[in-house]
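S.K.: There's a structure below that I have some questions on.
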Amino acid sequence: MIMKGRAISPGKASGKAIVYPEAFSFLGGVDGSTGRFNVMDGDITGKVFVFPNGKGSTVGSYVVYDLMVHGHAPAALVNRSAETIVTTGAVISSVPMVDEVDISLIRNGDDVVVDGDAGTVEIVNARETKSVTSMVVCGGKMLVLTRRADAHSFPGKRSLVSGRLEDGESLREAAVREIKEETGLSVTFRDEMPDIRVREGDTVWCVRPFLFEASSSDVVLDPENAGFEWVPIGDFDAADAVEGTDAVVAYFRKKL
């Protein structure tokens with residue numbers, strides 16, 4: 001799977017990803033002479049280092065350079081949002097760097113290719129699959145399904161009405177079909193939102209969310225699901241829900 005971001009420092013490199021979930025300071029965060037991290041287990045040497053953004057002293061730029069001098073530079077850097085300290089360190093150390101990508105899709109140990117000329121980041125071991133999810137509302141409530149424990153994707157999770165595309169279908173057609181097959185409901189289209197991406201194992205689901213209104217709350221549940229409930233829209237709790245469901249609900253609540 002390839003993500004398009006912004007080219008920061010030129011060059012192309014590949015390596016195993018190592019991910020830090022918080023803003024990172026190279027000064028104090030890593031040993032410039034050995035490449036060992038001080039804030040987590042592991043070594044930066046030859047890795048694609050992924051973190052949201054840099055922070056701290058401008059001396060951090062020279063820690064990146066020190067890593068290069070001692071033969072312990074990262075293969076590449078990937079940020080959600082680059083700032084001057086890390087950018088300067090990458091450029092003076094000839095480390096390819098890209099930002100403005102969704103780093104939440106990258107996992108420790110992924111095989112990653114960073115192209116600092118084209119501004120792309122490829123997760124070699126992940127594949128992208130298109131799917132749809134629908135928030136179905138009726139009488140001020142929204143339909144929440146519970147997936148079976150043996151479901152192929154997101155087993156046991158609470159979800160909206162979701163599924164994959166079939167050959168020749170448009171996204172909206174797929175959404176309406178899934179609603180009919182899984183719930184028996186007849187619905188009217190209300191709105192849609194831009195794609196979101198959610199990762200499960202080595203699959204990245206590229207999901208188009210839709211909003212539909214049902215004319216009735218009489219659900220005929222498909223056996224692929226373990227249960228359902230109609231939840232007041234303002235009371236939805238994302239605990240145990242498929243990742244990204246809370247963002248979809250928040251987006252469509254503004255439209256209702």
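Residues in the structure tokens are named by chain (A, B, ... in the order shown) and by number from 1 within that chain; ligands are numbered from 1 in the order shown.
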Quick one: everything within 12 Å of A:Ser81, counting only C-alpha atoms, minus sequence neighbours fewer than 5 positions away in the same chain. Send it as a PyMOL selection string.

M.R.: chain A and resi 5-8+22-24+50-55+86-87+97-103

S.K.: Identify, with DSSP run on backbone atoms, the residues in stretch 173-246 of chain A assigned to strand (DSSP E), and express the list as a ChimeraX atom specification.

M.R.: /A:187-192,196-200,203-214,225-232

S.K.: Which residues are close to A:Leu77, i.e. within 12 Å by only C-alpha atoms, leaving aside same-chain residues fewer than 2 positions away? Reply as a PyMOL selection string.

M.R.: chain A and resi 7-20+24+44-54+64+73-75+79-82+86-91+93-101+103+112-116+119-121

S.K.: Using only C-alpha atoms, find the one residue out of A:Thr129, A:Met193, A:Gly140, A:Ser159 that sits nearest to A:Asp237.

M.R.: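 Among the listed residues, A:Ser159 lies closest to A:Asp237.
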
S.K.: Kindly give the distance, in Å, that separates atom CA of A:Val59 and atom CA of A:Gly28, rounded to a single decimal.

M.R.: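 For atom CA of A:Val59 relative to atom CA of A:Gly28, the distance reads 10.0 Å.
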
S.K.: Please identify which residues in stretch 12-100 of chain A DSSP calls helix (DSSP H, G or I) from the backbone, and express them as a PyMOL selection string.

M.R.: chain A and resi 26-29+60-69+84-92

S.K.: Counting only C-alpha atoms, which of A:Ala250, A:Ala118, A:Leu67, A:Leu165 gets nearest to A:Thr34?

M.R.: A:Leu67

S.K.: Interatomic distance between atom CA of A:Ala214 and atom CA of A:Ala174?

M.R.: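 One can read the atom CA of A:Ala214 to atom CA of A:Ala174 distance as 16.4 Å.
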
S.K.: Which of these residues is nearest to A:Pro232, using only C-alpha atoms: A:Arg164, A:Arg36, A:Lys141, A:His152?

M.R.: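 Of A:Arg164, A:Arg36, A:Lys141, A:His152, the one nearest A:Pro232, counting only C-alpha atoms, is A:Lys141.
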
S.K.: What lies within 9 Å of A:Asp66 using only C-alpha atoms, ignoring chain neighbours under 5 positions off, as a PyMOL selection string?

M.R.: chain A and resi 32-33+61+71-73+93

S.K.: Keeping only all heavy atoms, write the selected residues as an mmCIF file, in the first residue's frame.

M.R.:
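The resulting file, out.cif, is reproduced below:
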```cif
data_model
loop_
_atom_site.group_PDB
_atom_site.id
_atom_site.type_symbol
_atom_site.label_atom_id
_atom_site.label_comp_id
_atom_site.auth_asym_id
_atom_site.auth_seq_id
_atom_site.Cartn_x
_atom_site.Cartn_y
_atom_site.Cartn_z
ATOM 1 N N GLY A 32 23.486 9.239 20.079
ATOM 2 C CA GLY A 32 24.026 9.561 18.757
ATOM 3 C C GLY A 32 25.227 8.734 18.355
ATOM 4 O O GLY A 32 25.558 8.672 17.171
ATOM 5 N N SER A 33 25.887 8.073 19.294
ATOM 6 C CA SER A 33 27.083 7.291 18.960
ATOM 7 C C SER A 33 26.796 5.804 18.798
ATOM 8 O O SER A 33 27.587 5.071 18.206
ATOM 9 C CB SER A 33 28.163 7.483 20.029
ATOM 10 O OG SER A 33 27.700 7.050 21.290
ATOM 11 N N SER A 61 19.072 18.372 15.695
ATOM 12 C CA SER A 61 19.477 18.244 14.287
ATOM 13 C C SER A 61 20.865 17.623 14.179
ATOM 14 O O SER A 61 21.121 16.786 13.296
ATOM 15 C CB SER A 61 19.482 19.620 13.615
ATOM 16 O OG SER A 61 18.222 20.231 13.677
ATOM 17 N N GLY A 71 27.724 5.841 11.730
ATOM 18 C CA GLY A 71 27.189 4.680 11.014
ATOM 19 C C GLY A 71 25.916 4.122 11.596
ATOM 20 O O GLY A 71 25.608 2.943 11.398
ATOM 21 N N HIS A 72 25.167 4.957 12.325
ATOM 22 C CA HIS A 72 23.933 4.492 12.962
ATOM 23 C C HIS A 72 22.711 5.312 12.553
ATOM 24 O O HIS A 72 21.727 5.377 13.299
ATOM 25 C CB HIS A 72 24.086 4.509 14.482
ATOM 26 C CG HIS A 72 25.073 3.521 15.000
ATOM 27 N ND1 HIS A 72 24.860 2.159 14.977
ATOM 28 C CD2 HIS A 72 26.331 3.700 15.528
ATOM 29 C CE1 HIS A 72 25.907 1.536 15.487
ATOM 30 N NE2 HIS A 72 26.816 2.444 15.829
ATOM 31 N N ALA A 73 22.767 5.927 11.399
ATOM 32 C CA ALA A 73 21.635 6.748 10.948
ATOM 33 C C ALA A 73 20.427 5.876 10.633
ATOM 34 O O ALA A 73 20.559 4.709 10.236
ATOM 35 C CB ALA A 73 22.024 7.545 9.713
ATOM 36 N N SER A 93 22.021 15.188 6.952
ATOM 37 C CA SER A 93 22.521 13.822 7.116
ATOM 38 C C SER A 93 22.150 12.924 5.943
ATOM 39 O O SER A 93 22.425 11.718 5.976
ATOM 40 C CB SER A 93 21.965 13.221 8.410
ATOM 41 O OG SER A 93 22.218 14.062 9.512
#
```

S.K.: Can you pull out the residues contacting A:Val161? Cut-off 7 Å, using only C-alpha atoms, and skip same-chain residues under 6 positions away; I want them as a list in words.

M.R.: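 Counting only the stated atoms, we get Thr133, Ser134, Met135, Leu145, Glu178 and Ile179 of chain A.
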